[in-house]
>>> print(open('coords19.tsv').read())   # TSV, C-alpha atoms and all ligand atoms
chain	number	residue	atom	x	y	z
A	1	MET	CA	218.33	-76.13	-4.07
A	2	ASN	CA	221.92	-77.20	-3.50
A	3	ALA	CA	223.65	-75.55	-0.57
A	4	THR	CA	227.12	-74.30	-1.44
A	5	VAL	CA	229.48	-77.24	-1.85
A	6	PHE	CA	233.08	-76.54	-0.89
A	7	VAL	CA	236.01	-78.09	-2.69
A	8	GLU	CA	238.48	-79.75	-0.36
A	9	VAL	CA	242.04	-79.77	-1.66
A	10	VAL	CA	244.06	-82.90	-0.88
A	11	PRO	CA	247.43	-82.49	-2.65
A	12	SER	CA	249.05	-85.53	-4.21
A	13	THR	CA	251.79	-87.09	-2.09
A	14	ASN	CA	253.47	-88.32	-5.26
A	15	PRO	CA	253.49	-85.63	-7.97
A	16	LEU	CA	255.73	-86.13	-10.99
A	17	LYS	CA	259.34	-85.00	-10.48
A	18	GLU	CA	260.13	-81.62	-12.00
A	19	GLY	CA	262.58	-83.06	-14.54
A	20	GLN	CA	260.06	-85.59	-15.83
A	21	ARG	CA	257.33	-82.96	-16.00
A	22	LYS	CA	259.54	-80.57	-17.98
A	23	LYS	CA	260.39	-83.35	-20.40
A	24	LEU	CA	256.70	-84.10	-20.99
A	25	LEU	CA	255.98	-80.40	-21.46
A	26	GLU	CA	258.53	-80.06	-24.26
A	27	ASP	CA	256.19	-81.61	-26.82
A	28	PRO	CA	252.94	-82.68	-25.15
A	29	GLY	CA	250.84	-83.00	-28.32
A	30	PHE	CA	247.11	-82.97	-27.56
A	31	GLY	CA	245.30	-85.06	-24.93
A	32	LYS	CA	248.14	-87.49	-24.29
A	33	VAL	CA	249.80	-86.14	-21.16
A	34	PHE	CA	247.94	-85.53	-17.90
A	35	SER	CA	248.66	-83.42	-14.85
A	36	ASP	CA	249.04	-84.64	-11.24
A	37	HIS	CA	245.54	-83.94	-9.93
A	38	MET	CA	241.85	-84.16	-10.74
A	39	ALA	CA	238.69	-82.70	-9.29
A	40	VAL	CA	235.91	-85.10	-8.29
A	41	ALA	CA	232.43	-84.56	-6.90
A	42	ARG	CA	229.59	-87.00	-6.41
A	43	TRP	CA	225.84	-86.77	-6.67
A	44	SER	CA	223.25	-89.10	-5.24
A	45	GLN	CA	219.53	-88.72	-4.95
A	46	ASP	CA	219.57	-88.47	-1.17
A	47	LYS	CA	222.69	-86.31	-0.71
A	48	GLY	CA	222.71	-84.13	-3.84
A	49	TRP	CA	226.20	-82.88	-4.71
A	50	HIS	CA	228.75	-83.82	-2.07
A	51	LYS	CA	232.36	-84.81	-1.48
A	52	ALA	CA	233.93	-82.32	-3.88
A	53	GLN	CA	237.69	-82.73	-3.78
A	54	ILE	CA	240.91	-82.06	-5.62
A	55	VAL	CA	242.91	-85.27	-5.30
A	56	ALA	CA	245.77	-87.11	-6.98
A	57	ARG	CA	244.75	-88.24	-10.47
A	58	ALA	CA	243.81	-91.92	-10.31
A	59	PRO	CA	241.60	-94.48	-12.09
A	60	PHE	CA	237.95	-94.92	-11.09
A	61	GLN	CA	236.60	-98.22	-9.98
A	62	LEU	CA	233.32	-98.85	-11.78
A	63	ASP	CA	230.78	-101.59	-11.35
A	64	PRO	CA	230.30	-103.43	-14.68
A	65	ALA	CA	226.62	-102.45	-14.46
A	66	SER	CA	227.47	-98.74	-14.14
A	67	ALA	CA	224.77	-97.00	-16.18
A	68	VAL	CA	227.17	-94.96	-18.32
A	69	LEU	CA	228.65	-98.15	-19.79
A	70	HIS	CA	225.27	-99.24	-21.10
A	71	TYR	CA	223.21	-96.21	-22.02
A	72	GLY	CA	225.83	-93.52	-22.45
A	73	GLN	CA	224.57	-90.89	-20.02
A	74	GLU	CA	227.64	-88.66	-20.21
A	75	ILE	CA	228.40	-85.00	-20.90
A	76	PHE	CA	231.59	-82.99	-21.01
A	77	GLU	CA	233.18	-79.57	-21.47
A	78	GLY	CA	236.50	-78.32	-22.75
A	79	LEU	CA	238.34	-75.13	-21.79
A	80	LYS	CA	241.93	-74.01	-21.55
A	81	ALA	CA	244.06	-72.37	-18.88
A	82	TYR	CA	246.73	-70.08	-20.35
A	83	ARG	CA	249.85	-68.59	-18.86
A	84	GLY	CA	250.15	-64.94	-19.78
A	85	LYS	CA	253.46	-63.24	-20.53
A	86	ASP	CA	253.32	-61.78	-17.01
A	87	GLY	CA	253.01	-65.28	-15.54
A	88	ARG	CA	249.34	-65.00	-14.54
A	89	ILE	CA	247.06	-67.97	-15.14
A	90	LEU	CA	243.97	-67.14	-17.13
A	91	LEU	CA	240.74	-68.81	-18.16
A	92	PHE	CA	238.58	-67.65	-21.05
A	93	ARG	CA	234.83	-67.32	-20.34
A	94	PRO	CA	234.65	-70.27	-17.92
A	95	GLU	CA	231.15	-69.12	-16.80
A	96	ALA	CA	229.95	-69.89	-20.34
A	97	ASN	CA	231.27	-73.45	-20.02
A	98	ALA	CA	229.57	-73.81	-16.62
A	99	ARG	CA	226.26	-72.64	-18.10
A	100	ARG	CA	226.51	-74.89	-21.13
A	101	PHE	CA	227.37	-77.84	-18.88
A	102	ALA	CA	224.16	-77.21	-16.93
A	103	ARG	CA	222.15	-77.12	-20.18
A	104	SER	CA	223.78	-80.32	-21.43
A	105	ALA	CA	222.94	-82.00	-18.11
A	106	GLU	CA	219.30	-81.02	-18.49
A	107	ARG	CA	219.10	-82.52	-22.00
A	108	LEU	CA	220.61	-85.81	-20.78
A	109	ALA	CA	218.27	-85.92	-17.74
A	110	MET	CA	221.19	-85.49	-15.36
A	111	PRO	CA	221.31	-83.38	-12.20
A	112	GLU	CA	222.44	-79.82	-12.76
A	113	LEU	CA	225.89	-79.07	-11.37
A	114	PRO	CA	225.84	-75.65	-9.63
A	115	GLU	CA	227.83	-73.25	-11.82
A	116	GLN	CA	229.86	-72.12	-8.82
A	117	LEU	CA	230.95	-75.69	-8.07
A	118	PHE	CA	231.97	-76.16	-11.72
A	119	LEU	CA	234.04	-72.97	-11.57
A	120	ASP	CA	235.60	-73.77	-8.18
A	121	CYS	CA	236.69	-77.24	-9.36
A	122	VAL	CA	238.17	-75.92	-12.61
A	123	LYS	CA	240.00	-73.04	-10.94
A	124	GLU	CA	241.36	-75.07	-8.01
A	125	LEU	CA	242.65	-77.70	-10.43
A	126	ALA	CA	244.35	-75.05	-12.59
A	127	ARG	CA	245.92	-73.57	-9.44
A	128	ILE	CA	247.25	-76.77	-7.95
A	129	ASP	CA	248.60	-77.95	-11.32
A	130	ALA	CA	249.89	-74.51	-12.36
A	131	ALA	CA	253.38	-75.94	-12.92
A	132	TRP	CA	251.89	-77.81	-15.90
A	133	ILE	CA	250.95	-74.58	-17.70
A	134	SER	CA	253.69	-73.39	-20.04
A	135	GLN	CA	254.09	-70.05	-21.72
A	136	GLY	CA	254.07	-69.74	-25.49
A	137	ASP	CA	251.53	-69.27	-28.25
A	138	ASP	CA	250.54	-72.91	-28.69
A	139	ALA	CA	250.81	-73.97	-25.06
A	140	SER	CA	247.92	-74.33	-22.63
A	141	LEU	CA	246.46	-76.63	-20.03
A	142	TYR	CA	243.36	-78.20	-21.55
A	143	LEU	CA	240.74	-78.75	-18.85
A	144	ARG	CA	238.17	-81.47	-19.36
A	145	PRO	CA	235.18	-81.39	-17.00
A	146	PHE	CA	232.79	-84.32	-17.46
A	147	MET	CA	229.93	-86.06	-15.70
A	148	PHE	CA	228.67	-89.60	-16.01
A	149	ALA	CA	225.93	-91.83	-14.66
A	150	ASN	CA	227.30	-94.31	-12.16
A	151	GLU	CA	224.42	-96.26	-10.69
A	152	ALA	CA	224.84	-100.04	-10.96
A	153	PHE	CA	221.49	-100.73	-12.59
A	154	LEU	CA	220.40	-102.00	-16.01
A	155	GLY	CA	216.92	-100.49	-16.22
A	156	VAL	CA	216.29	-97.64	-18.62
A	157	ARG	CA	215.72	-94.47	-16.60
A	158	PRO	CA	217.98	-91.64	-15.46
A	159	SER	CA	220.65	-92.86	-13.08
A	160	ARG	CA	220.38	-91.99	-9.39
A	161	GLU	CA	224.13	-91.53	-8.95
A	162	TYR	CA	226.64	-89.42	-10.87
A	163	ILE	CA	230.32	-88.55	-10.78
A	164	PHE	CA	231.60	-85.14	-11.90
A	165	CYS	CA	235.30	-84.97	-12.65
A	166	VAL	CA	237.80	-82.53	-14.14
A	167	ILE	CA	241.10	-83.72	-15.56
A	168	ALA	CA	243.83	-81.54	-17.06
A	169	SER	CA	246.07	-82.16	-20.04
A	170	PRO	CA	248.95	-79.89	-21.03
A	171	SER	CA	248.70	-79.41	-24.76
A	172	GLY	CA	250.46	-77.92	-27.73
A	173	ALA	CA	248.90	-77.36	-31.15
A	174	TYR	CA	245.72	-79.40	-31.80
A	175	PHE	CA	246.54	-80.06	-35.44
A	176	LYS	CA	250.04	-80.95	-36.49
A	177	GLY	CA	251.48	-78.01	-38.37
A	178	GLU	CA	248.96	-75.55	-36.96
A	179	GLY	CA	248.39	-72.62	-39.26
A	180	LYS	CA	248.36	-74.98	-42.22
A	181	PRO	CA	244.85	-75.17	-43.73
A	182	VAL	CA	242.94	-78.43	-43.25
A	183	THR	CA	241.01	-80.48	-45.79
A	184	ILE	CA	237.34	-81.10	-45.05
A	185	TRP	CA	235.16	-84.01	-46.07
A	186	VAL	CA	231.52	-82.96	-46.54
A	187	GLU	CA	229.46	-85.97	-45.48
A	188	THR	CA	226.27	-86.43	-47.48
A	189	GLU	CA	224.99	-89.72	-46.00
A	190	LEU	CA	225.84	-90.11	-42.33
A	191	SER	CA	224.50	-87.50	-39.92
A	192	ARG	CA	225.44	-86.22	-36.49
A	193	ALA	CA	222.34	-84.63	-34.99
A	194	ALA	CA	218.63	-84.41	-35.74
A	195	PRO	CA	216.01	-81.84	-34.71
A	196	GLY	CA	214.85	-82.70	-31.21
A	197	GLY	CA	218.00	-84.73	-30.61
A	198	THR	CA	221.11	-83.99	-28.60
A	199	GLY	CA	223.09	-81.94	-31.15
A	200	ALA	CA	223.20	-78.83	-28.96
A	201	ALA	CA	224.35	-80.78	-25.89
A	202	LYS	CA	228.01	-81.55	-25.42
A	203	CYS	CA	227.65	-85.28	-24.88
A	204	GLY	CA	229.89	-88.22	-25.65
A	205	GLY	CA	227.10	-89.83	-27.67
A	206	ASN	CA	227.29	-87.13	-30.36
A	207	TYR	CA	230.95	-87.92	-30.78
A	208	ALA	CA	230.33	-91.67	-30.93
A	209	ALA	CA	227.81	-90.95	-33.71
A	210	SER	CA	230.34	-88.88	-35.65
A	211	LEU	CA	233.26	-91.32	-35.64
A	212	GLU	CA	232.28	-93.40	-38.65
A	213	ALA	CA	231.96	-90.23	-40.75
A	214	GLN	CA	235.31	-89.04	-39.39
A	215	ALA	CA	236.85	-92.37	-40.42
A	216	LYS	CA	235.35	-91.89	-43.89
A	217	ALA	CA	236.92	-88.43	-44.02
A	218	THR	CA	240.32	-89.86	-43.10
A	219	LYS	CA	239.95	-92.60	-45.71
A	220	ASN	CA	239.33	-89.88	-48.28
A	221	GLY	CA	242.47	-88.03	-47.29
A	222	CYS	CA	240.68	-85.36	-45.23
A	223	ASP	CA	241.47	-84.05	-41.75
A	224	GLN	CA	237.90	-83.35	-40.58
A	225	VAL	CA	234.29	-84.04	-41.48
A	226	ALA	CA	231.54	-81.45	-42.00
A	227	PHE	CA	227.93	-82.51	-41.46
A	228	LEU	CA	224.83	-81.42	-43.33
A	229	ASP	CA	221.35	-81.12	-41.82
A	230	VAL	CA	219.36	-84.35	-41.53
A	231	VAL	CA	216.06	-83.10	-42.92
A	232	GLU	CA	217.07	-81.71	-46.32
A	233	ARG	CA	220.71	-82.84	-46.45
A	234	ARG	CA	221.43	-79.43	-47.79
A	235	TRP	CA	222.42	-77.03	-45.03
A	236	VAL	CA	225.91	-77.00	-43.61
A	237	GLU	CA	225.85	-77.50	-39.84
A	238	GLU	CA	229.28	-77.98	-38.27
A	239	LEU	CA	232.26	-80.30	-38.01
A	240	GLY	CA	232.50	-83.21	-35.59
A	241	GLY	CA	233.81	-80.92	-32.86
A	242	MET	CA	234.08	-77.42	-34.33
A	243	ASN	CA	231.78	-74.73	-35.68
A	244	ILE	CA	232.26	-73.38	-39.18
A	245	PHE	CA	232.44	-69.89	-40.72
A	246	PHE	CA	232.44	-68.71	-44.33
A	247	VAL	CA	233.92	-65.40	-45.47
A	248	LEU	CA	232.31	-63.85	-48.54
A	249	ASP	CA	233.97	-61.07	-50.55
A	250	GLY	CA	236.50	-60.62	-47.75
A	251	LYS	CA	233.99	-58.74	-45.60
A	252	THR	CA	230.92	-60.83	-44.76
A	253	LEU	CA	231.07	-63.58	-42.19
A	254	VAL	CA	228.42	-66.29	-42.50
A	255	THR	CA	227.82	-69.04	-39.94
A	256	PRO	CA	224.88	-71.44	-39.57
A	257	PRO	CA	222.29	-70.41	-36.96
A	258	LEU	CA	221.84	-72.29	-33.69
A	259	LYS	CA	218.66	-74.28	-34.12
A	260	GLY	CA	219.21	-77.13	-31.74
A	261	THR	CA	221.32	-79.37	-33.99
A	262	ILE	CA	224.52	-77.35	-33.67
A	263	LEU	CA	226.71	-77.09	-30.59
A	264	PRO	CA	226.68	-73.46	-29.37
A	265	GLY	CA	230.43	-72.91	-29.40
A	266	ILE	CA	231.92	-70.32	-27.09
A	267	THR	CA	234.62	-69.65	-29.69
A	268	ARG	CA	231.85	-69.18	-32.27
A	269	ASP	CA	230.04	-66.72	-30.03
A	270	SER	CA	233.23	-64.79	-29.21
A	271	LEU	CA	234.17	-64.52	-32.89
A	272	LEU	CA	230.74	-63.17	-33.81
A	273	VAL	CA	231.28	-60.37	-31.28
A	274	LEU	CA	234.87	-59.65	-32.35
A	275	ALA	CA	233.98	-59.71	-36.05
A	276	LYS	CA	231.15	-57.21	-35.59
A	277	GLU	CA	233.47	-54.91	-33.67
A	278	ALA	CA	236.03	-55.22	-36.47
A	279	GLY	CA	233.41	-53.89	-38.89
A	280	LEU	CA	232.67	-57.12	-40.72
A	281	ASN	CA	229.11	-57.94	-41.77
A	282	VAL	CA	227.97	-60.86	-39.67
A	283	GLU	CA	225.20	-63.20	-40.81
A	284	GLU	CA	223.87	-66.13	-38.81
A	285	ARG	CA	221.88	-67.85	-41.52
A	286	GLY	CA	221.46	-71.08	-43.39
A	287	TYR	CA	224.28	-71.71	-45.85
A	288	SER	CA	223.76	-74.64	-48.19
A	289	PHE	CA	226.36	-76.95	-49.64
A	290	ASP	CA	225.16	-75.85	-53.12
A	291	GLU	CA	225.80	-72.23	-52.19
A	292	TRP	CA	229.22	-73.16	-50.81
A	293	ARG	CA	230.20	-74.80	-54.13
A	294	ALA	CA	228.74	-71.96	-56.20
A	295	ASP	CA	230.52	-69.28	-54.12
A	296	ALA	CA	233.80	-71.19	-54.40
A	297	ALA	CA	233.38	-71.45	-58.18
A	298	SER	CA	232.45	-67.77	-58.64
A	299	GLY	CA	235.28	-66.55	-56.42
A	300	ARG	CA	232.91	-64.90	-53.91
A	301	LEU	CA	234.08	-67.29	-51.22
A	302	SER	CA	237.29	-65.81	-49.90
A	303	GLU	CA	237.85	-67.95	-46.78
A	304	VAL	CA	236.44	-70.78	-44.70
A	305	PHE	CA	237.51	-71.59	-41.16
A	306	ALA	CA	236.54	-73.90	-38.33
A	307	CYS	CA	236.69	-72.91	-34.67
A	308	GLY	CA	236.60	-74.42	-31.21
A	309	THR	CA	238.53	-74.29	-27.96
A	310	ALA	CA	240.90	-77.13	-28.79
A	311	ALA	CA	242.13	-75.88	-32.18
A	312	VAL	CA	241.08	-72.19	-31.78
A	313	ILE	CA	240.72	-71.22	-35.47
A	314	THR	CA	241.76	-73.41	-38.36
A	315	ALA	CA	241.61	-72.40	-42.01
A	316	VAL	CA	239.92	-74.79	-44.44
A	317	GLY	CA	241.81	-75.03	-47.72
A	318	GLN	CA	240.31	-77.98	-49.60
A	319	VAL	CA	236.84	-79.50	-49.65
A	320	ARG	CA	236.00	-83.03	-50.80
A	321	TYR	CA	232.73	-84.94	-51.03
A	322	GLN	CA	231.26	-88.00	-52.71
A	323	GLY	CA	231.74	-87.08	-56.35
A	324	GLY	CA	234.02	-84.08	-56.31
A	325	GLU	CA	236.33	-81.60	-54.68
A	326	PHE	CA	237.18	-77.93	-54.78
A	327	THR	CA	239.60	-75.43	-53.29
A	328	VAL	CA	238.62	-72.45	-51.14
A	329	ALA	CA	240.10	-69.37	-52.87
A	330	ASP	CA	243.85	-70.02	-53.19
A	331	GLY	CA	243.79	-72.78	-50.57
A	332	LYS	CA	245.77	-70.75	-48.05
A	333	ALA	CA	244.75	-69.23	-44.72
A	334	GLY	CA	243.14	-65.86	-45.50
A	335	GLU	CA	243.40	-62.43	-43.99
A	336	VAL	CA	240.16	-62.50	-41.96
A	337	THR	CA	240.98	-65.94	-40.53
A	338	ARG	CA	244.49	-64.86	-39.54
A	339	LYS	CA	243.38	-61.59	-37.98
A	340	LEU	CA	240.55	-63.11	-35.94
A	341	ARG	CA	242.81	-65.92	-34.78
A	342	GLU	CA	245.52	-63.51	-33.71
A	343	GLN	CA	243.03	-61.28	-31.93
A	344	LEU	CA	241.39	-64.14	-30.06
A	345	ILE	CA	244.69	-65.71	-29.00
A	346	ARG	CA	246.02	-62.39	-27.70
A	347	LEU	CA	242.78	-61.82	-25.80
A	348	GLN	CA	242.83	-65.30	-24.27
A	349	ARG	CA	246.41	-64.79	-23.13
A	350	GLY	CA	245.71	-61.45	-21.51
A	351	GLU	CA	247.76	-59.46	-24.02
A	352	THR	CA	245.02	-57.05	-25.08
A	353	ASN	CA	242.41	-55.00	-23.31
A	354	ASP	CA	239.61	-57.33	-22.20
A	355	SER	CA	236.71	-54.97	-22.84
A	356	HIS	CA	234.11	-57.78	-22.57
A	357	GLY	CA	235.23	-59.14	-19.20
A	358	TRP	CA	235.90	-62.55	-20.78
A	359	VAL	CA	239.20	-63.24	-19.08
A	360	SER	CA	239.22	-64.69	-15.62
A	361	VAL	CA	242.41	-64.55	-13.54
A	362	VAL	CA	242.96	-67.75	-11.59
A	363	ALA	CA	246.38	-67.08	-10.14
A	401	LIG	C1	232.87	-78.25	-28.15
A	401	LIG	C2	232.32	-78.24	-29.51
A	401	LIG	C3	232.44	-77.13	-30.37
A	401	LIG	C4	233.23	-75.91	-30.02
A	401	LIG	O1	232.79	-75.27	-28.87
A	401	LIG	P1	233.77	-74.24	-28.10
A	401	LIG	O2	232.95	-73.79	-26.94
A	401	LIG	O3	234.09	-73.17	-29.04
A	401	LIG	O4	234.97	-75.02	-27.71
A	401	LIG	C5	231.81	-77.19	-31.60
A	401	LIG	N1	231.15	-78.28	-31.99
A	401	LIG	C6	231.02	-79.38	-31.21
A	401	LIG	C7	230.26	-80.54	-31.70
A	401	LIG	C8	231.60	-79.39	-29.94
A	401	LIG	O5	231.48	-80.46	-29.18
>>> encode(input="coords19.tsv", output="structure tokens")
Amino acid sequence: MNATVFVEVVPSTNPLKEGQRKKLLEDPGFGKVFSDHMAVARWSQDKGWHKAQIVARAPFQLDPASAVLHYGQEIFEGLKAYRGKDGRILLFRPEANARRFARSAERLAMPELPEQLFLDCVKELARIDAAWISQGDDASLYLRPFMFANEAFLGVRPSREYIFCVIASPSGAYFKGEGKPVTIWVETELSRAAPGGTGAAKCGGNYAASLEAQAKATKNGCDQVAFLDVVERRWVEELGGMNIFFVLDGKTLVTPPLKGTILPGITRDSLLVLAKEAGLNVEERGYSFDEWRADAASGRLSEVFACGTAAVITAVGQVRYQGGEFTVADGKAGEVTRKLREQLIRLQRGETNDSHGWVSVVA
């Protein structure tokens, strides 16, 4: 339907001075520092996708009636550009992000962005801002593609104008003291996603709906919140922004199945493949909070970890909920968690043989 849209590159006339950039890159944290450029493309009903450009990063001017501000028609993605030891710039499975973005758009009644345009924007941005990508195990350039409704109109129907944008943020470890296990709050009242809802789409609205539970987790001394299913309030689904895995008897990996209420994580999918190849038993099946507690008490539960692009793999050490708490095994990051994390990181950074064709060389 859409003819190929080319991305015009208009370099910034005022990029940050090298000294200032290097200073920011010393300890960028997560999502606080931004690179010099952004990708932007526009969609309108009569023109389709058009005016795709890489330009200097700058604020948008929005009409106060812009549809996104009222009804939240917004989706996003998250992927990282890495600098390998040989200096190459690599992306990990960006086609999977492009595909998921198209599926999220469909669920939010937005126009589909051609996968090639998504990939061209992401890659051109990583290339032009390559100086923002540092080497080192925790360093990467986090790329954030997103799309929002931008028609100035207060009626309730899909917008007739959209903006697609990609911004880039150099980042270090997602959690302070990465490697240190996190504490999880299991939320038994508030929910994130219901059957038939938008749980499998990567949309801002899901995050808005998870923030009160996240605040509750923080108030209870926890780093992250885990959600249960809405129907029975029994089955573990995922965290606010990460999928979850359980390791039983040191050799069986269990993760909840994708049934429309869980975000289909690319990290989750990659780990399922790597775990199978490593000879672990892999089970995508319902795992209840009762089972979780029972397995922790009996000692069957050897490890729990959460995974996603931003934090990669994070061990879960402690679990709290309304009325109790327990520790996962000895509360430390386990063997399976550490091995999978190491393997994935080395793969993403181009340090091991990429037998699946997951690594994409950008420059
Ligand atoms: C993005 C996201 C994940 C992780 O997905 P990855 O593709 O692995 O980064 C998990 N859960 C939610 C709710 C997410 O938004």
>>> closest_residue(input="coords19.tsv", among="A:Ala39, A:Val156, A:Thr261, A:Ala213", to="Gly197 in chain A", atoms="only C-alpha atoms")
A:Thr261
>>> residues_around(input="coords19.tsv", residues="range 273-278 of chain A", least_positions_apart="4", cutoff="8 Å", atoms="only C-alpha atoms", output="PyMOL selection string")
chain A and resi 253+269+282+340
>>> write_last_selection(input="coords19.tsv", atoms="C-alpha atoms", output="mmCIF file, in the coordinates of the input")
data_model
loop_
_atom_site.group_PDB
_atom_site.id
_atom_site.type_symbol
_atom_site.label_atom_id
_atom_site.label_comp_id
_atom_site.auth_asym_id
_atom_site.auth_seq_id
_atom_site.Cartn_x
_atom_site.Cartn_y
_atom_site.Cartn_z
ATOM 1 C CA LEU A 253 231.070 -63.580 -42.190
ATOM 2 C CA ASP A 269 230.040 -66.720 -30.030
ATOM 3 C CA VAL A 282 227.970 -60.860 -39.670
ATOM 4 C CA LEU A 340 240.550 -63.110 -35.940
#
>>> closest_residue(input="coords19.tsv", among="A:Pro111, A:Gly19, A:Gly199, A:Gly331", to="ligand LIG 401 (chain A)", atoms="all atoms listed in the file")
A:Gly199
>>> residues_near_ligand(input="coords19.tsv", ligand="ligand LIG 401 (chain A)", cutoff="10 Å", atoms="all atoms listed in the file", output="JSON, numbers by chain")
{"A": [75, 76, 77, 78, 79, 80, 93, 94, 96, 97, 100, 192, 193, 199, 200, 201, 202, 203, 204, 206, 207, 210, 237, 238, 239, 240, 241, 242, 243, 244, 261, 262, 263, 264, 265, 266, 267, 268, 269, 270, 271, 306, 307, 308, 309, 310, 311, 312, 313]}
>>> write_last_selection(input="coords19.tsv", atoms="C-alpha atoms", output="PDB file, keeping the file's coordinate frame")
ATOM      1  CA  ILE A  75     228.400 -85.000 -20.900  1.00  0.00           C
ATOM      2  CA  PHE A  76     231.590 -82.990 -21.010  1.00  0.00           C
ATOM      3  CA  GLU A  77     233.180 -79.570 -21.470  1.00  0.00           C
ATOM      4  CA  GLY A  78     236.500 -78.320 -22.750  1.00  0.00           C
ATOM      5  CA  LEU A  79     238.340 -75.130 -21.790  1.00  0.00           C
ATOM      6  CA  LYS A  80     241.930 -74.010 -21.550  1.00  0.00           C
ATOM      7  CA  ARG A  93     234.830 -67.320 -20.340  1.00  0.00           C
ATOM      8  CA  PRO A  94     234.650 -70.270 -17.920  1.00  0.00           C
ATOM      9  CA  ALA A  96     229.950 -69.890 -20.340  1.00  0.00           C
ATOM     10  CA  ASN A  97     231.270 -73.450 -20.020  1.00  0.00           C
ATOM     11  CA  ARG A 100     226.510 -74.890 -21.130  1.00  0.00           C
ATOM     12  CA  ARG A 192     225.440 -86.220 -36.490  1.00  0.00           C
ATOM     13  CA  ALA A 193     222.340 -84.630 -34.990  1.00  0.00           C
ATOM     14  CA  GLY A 199     223.090 -81.940 -31.150  1.00  0.00           C
ATOM     15  CA  ALA A 200     223.200 -78.830 -28.960  1.00  0.00           C
ATOM     16  CA  ALA A 201     224.350 -80.780 -25.890  1.00  0.00           C
ATOM     17  CA  LYS A 202     228.010 -81.550 -25.420  1.00  0.00           C
ATOM     18  CA  CYS A 203     227.650 -85.280 -24.880  1.00  0.00           C
ATOM     19  CA  GLY A 204     229.890 -88.220 -25.650  1.00  0.00           C
ATOM     20  CA  ASN A 206     227.290 -87.130 -30.360  1.00  0.00           C
ATOM     21  CA  TYR A 207     230.950 -87.920 -30.780  1.00  0.00           C
ATOM     22  CA  SER A 210     230.340 -88.880 -35.650  1.00  0.00           C
ATOM     23  CA  GLU A 237     225.850 -77.500 -39.840  1.00  0.00           C
ATOM     24  CA  GLU A 238     229.280 -77.980 -38.270  1.00  0.00           C
ATOM     25  CA  LEU A 239     232.260 -80.300 -38.010  1.00  0.00           C
ATOM     26  CA  GLY A 240     232.500 -83.210 -35.590  1.00  0.00           C
ATOM     27  CA  GLY A 241     233.810 -80.920 -32.860  1.00  0.00           C
ATOM     28  CA  MET A 242     234.080 -77.420 -34.330  1.00  0.00           C
ATOM     29  CA  ASN A 243     231.780 -74.730 -35.680  1.00  0.00           C
ATOM     30  CA  ILE A 244     232.260 -73.380 -39.180  1.00  0.00           C
ATOM     31  CA  THR A 261     221.320 -79.370 -33.990  1.00  0.00           C
ATOM     32  CA  ILE A 262     224.520 -77.350 -33.670  1.00  0.00           C
ATOM     33  CA  LEU A 263     226.710 -77.090 -30.590  1.00  0.00           C
ATOM     34  CA  PRO A 264     226.680 -73.460 -29.370  1.00  0.00           C
ATOM     35  CA  GLY A 265     230.430 -72.910 -29.400  1.00  0.00           C
ATOM     36  CA  ILE A 266     231.920 -70.320 -27.090  1.00  0.00           C
ATOM     37  CA  THR A 267     234.620 -69.650 -29.690  1.00  0.00           C
ATOM     38  CA  ARG A 268     231.850 -69.180 -32.270  1.00  0.00           C
ATOM     39  CA  ASP A 269     230.040 -66.720 -30.030  1.00  0.00           C
ATOM     40  CA  SER A 270     233.230 -64.790 -29.210  1.00  0.00           C
ATOM     41  CA  LEU A 271     234.170 -64.520 -32.890  1.00  0.00           C
ATOM     42  CA  ALA A 306     236.540 -73.900 -38.330  1.00  0.00           C
ATOM     43  CA  CYS A 307     236.690 -72.910 -34.670  1.00  0.00           C
ATOM     44  CA  GLY A 308     236.600 -74.420 -31.210  1.00  0.00           C
ATOM     45  CA  THR A 309     238.530 -74.290 -27.960  1.00  0.00           C
ATOM     46  CA  ALA A 310     240.900 -77.130 -28.790  1.00  0.00           C
ATOM     47  CA  ALA A 311     242.130 -75.880 -32.180  1.00  0.00           C
ATOM     48  CA  VAL A 312     241.080 -72.190 -31.780  1.00  0.00           C
ATOM     49  CA  ILE A 313     240.720 -71.220 -35.470  1.00  0.00           C
TER      50      ILE A 313
END
>>> atom_distance(input="coords19.tsv", atom1="CA of Phe289 in chain A", atom2="CA of Tyr174 in chain A")
26.4 Å
>>> residues_around(input="coords19.tsv", residues="Gly84 in chain A", least_positions_apart="5", cutoff="8 Å", atoms="only C-alpha atoms", output="list in words")
Ile89, Leu90, Gln135, Arg349, Gly350 and Glu351 of chain A
>>> residues_near_point(input="coords19.tsv", point="(223.3, -68.4, -47.3)", cutoff="10 Å", atoms="all atoms listed in the file", output="ChimeraX atom specification")
/A:235-236,246,254-256,283-292,295
>>> closest_residue(input="coords19.tsv", among="A:Gly48, A:Pro170, A:Gly205, A:Pro114", to="Ser35 in chain A", atoms="all atoms listed in the file")
A:Pro170
>>> atom_distance(input="coords19.tsv", atom1="CA of Ala315 in chain A", atom2="CA of Lys85 in chain A")
26.2 Å
>>> atom_distance(input="coords19.tsv", atom1="CA of Ala149 in chain A", atom2="CA of Tyr71 in chain A")
9.0 Å
>>> closest_residue(input="coords19.tsv", among="A:Ser169, A:Ser12, A:Ser191, A:Ser360", to="Val230 in chain A", atoms="all atoms listed in the file")
A:Ser191
>>> residues_around(input="coords19.tsv", residues="Val122 in chain A", least_positions_apart="4", cutoff="12 Å", atoms="all atoms listed in the file", output="PyMOL selection string")
chain A and resi 7+37-41+52-54+77-81+90-92+94-95+97-98+115-118+126-130+141-146+164-168+360+362
>>> residues_near_point(input="coords19.tsv", point="(237.7, -65.4, -42.4)", cutoff="8 Å", atoms="only C-alpha atoms", output="ChimeraX atom specification")
/A:245-247,250,253,302-305,334-338,340
